[in-house]
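Novice: Dumping the structure here so I can ask a few things about it.
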Amino acid sequence: MLITDVFDEYRQAPAWLNTNQVRLGEPEFAHVTNSAAGNSVSGFIAHQGFSPNPGNAITVGIDTQVVAYQPASFYGATKVYELRSPDLSEDNAPILVSALKKGVEKFSWGHKASAGRLSKTRIMVPVTMSSDGEQAVDWEGMAQYGRALRVRAERHAFDEAVMT
């Protein structure tokens, strides 16, 4: 499906600032950048005098094509896009992040992701039939699979901890 068929919003994160613009203070919010490490969070910063972006969004780094899920409110860097849907959750987000990583890997420094390019990008998502007979994103199926993967990973981590 086209990204625009999966997400209601795809745009530059509105509450953005570059690292050199960050006001000092008590760290409270994630600063999401083009970093591939740490879920794209380069650090935690104080309230910046304007509201942060609400959590429950998937972010895409335009320069680096990194994709991450942001569960909590955050400030983005200049070149960070956010994708939103009322059906997005912490359970289905990992599945969508994986699909989006495959979808944006075609972009590079010379051919950066942009709102226009993202809107023409197709990603593989599970679908179901809606009540009117149309294909629709299977949000609940992705959530169930995401929960199962998390339980499996947590059990594996527990087993590893017990063995050491």
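The chains in the structure tokens are called A, B, ... from first to last as shown; in each chain the residues are counted from 1, and the ligands are counted from 1 in the order shown.
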Among region 48-164 of chain A, which ones does DSSP place in alpha helix (DSSP H), written as a ChimeraX atom specification?
Specialist: /A:93-104,115-119,139-163
Novice: Please, which residues in region 53-99 of chain A fall within 7 Å of region 16-20 of chain A when counting only C-alpha atoms, and what is the closest atom pair and distance in Å to one decimal for each, ordered by chain then residue number, as a Markdown table?
Specialist:
```
| residue | atom | partner | partner_atom | distance |
| --- | --- | --- | --- | --- |
| A:Tyr75 | CA | A:Trp16 | CA | 5.5 |
| A:Gly76 | CA | A:Trp16 | CA | 4.5 |
| A:Ala77 | CA | A:Trp16 | CA | 5.0 |
| A:Thr78 | CA | A:Trp16 | CA | 5.6 |
```
Novice: Given the choices A:Pro126, A:Gly133, A:Pro54, A:Gly141, which gets closest to Val6 (chain A) if the distance is worked out from only C-alpha atoms?
Specialist: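 Nearest candidate to Val6 (chain A) out of A:Pro126, A:Gly133, A:Pro54, A:Gly141: A:Pro126.
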Novice: Enumerate as number ranges by chain all residues of region 25-164 of chain A assigned to strand (DSSP E) by DSSP on the backbone, naming them with the chain letters and numbers the document uses.
Specialist: A: 29-32, 41-45, 57-61, 67-70, 74-76, 80-84, 127-129, 135-137
Novice: Find the spatial neighbours of Thr128 (chain A), counting only C-alpha atoms, within a cut-off of 8 Å - ignore same-chain residues fewer than 6 positions away - and output them as a list in words.
Specialist: Gln135, Ala136, Val137 and Asp138 of chain A
Novice: Could you tell me which of A:Val151, A:Val162, A:Ile58, A:Val41 comes closest to Leu88 (chain A) if we count only C-alpha atoms?
Specialist: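 Of all the options, A:Ile58 lies closest to Leu88 (chain A).
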Novice: Return the single residue from A:Ala30, A:Ala36, A:Val22, A:Met1 that is closest to Gly49 (chain A), with distances computed using only C-alpha atoms.
Specialist: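 When distances to Gly49 (chain A) are compared using only C-alpha atoms, the smallest one comes from A:Val22.
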Novice: Just checking: using only C-alpha atoms, which residue out of A:Ala15, A:Ile3, A:Ala37, A:Leu24 ends up closest to Val104 (chain A)?
Specialist: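 The closest residue to Val104 (chain A) is A:Ile3.
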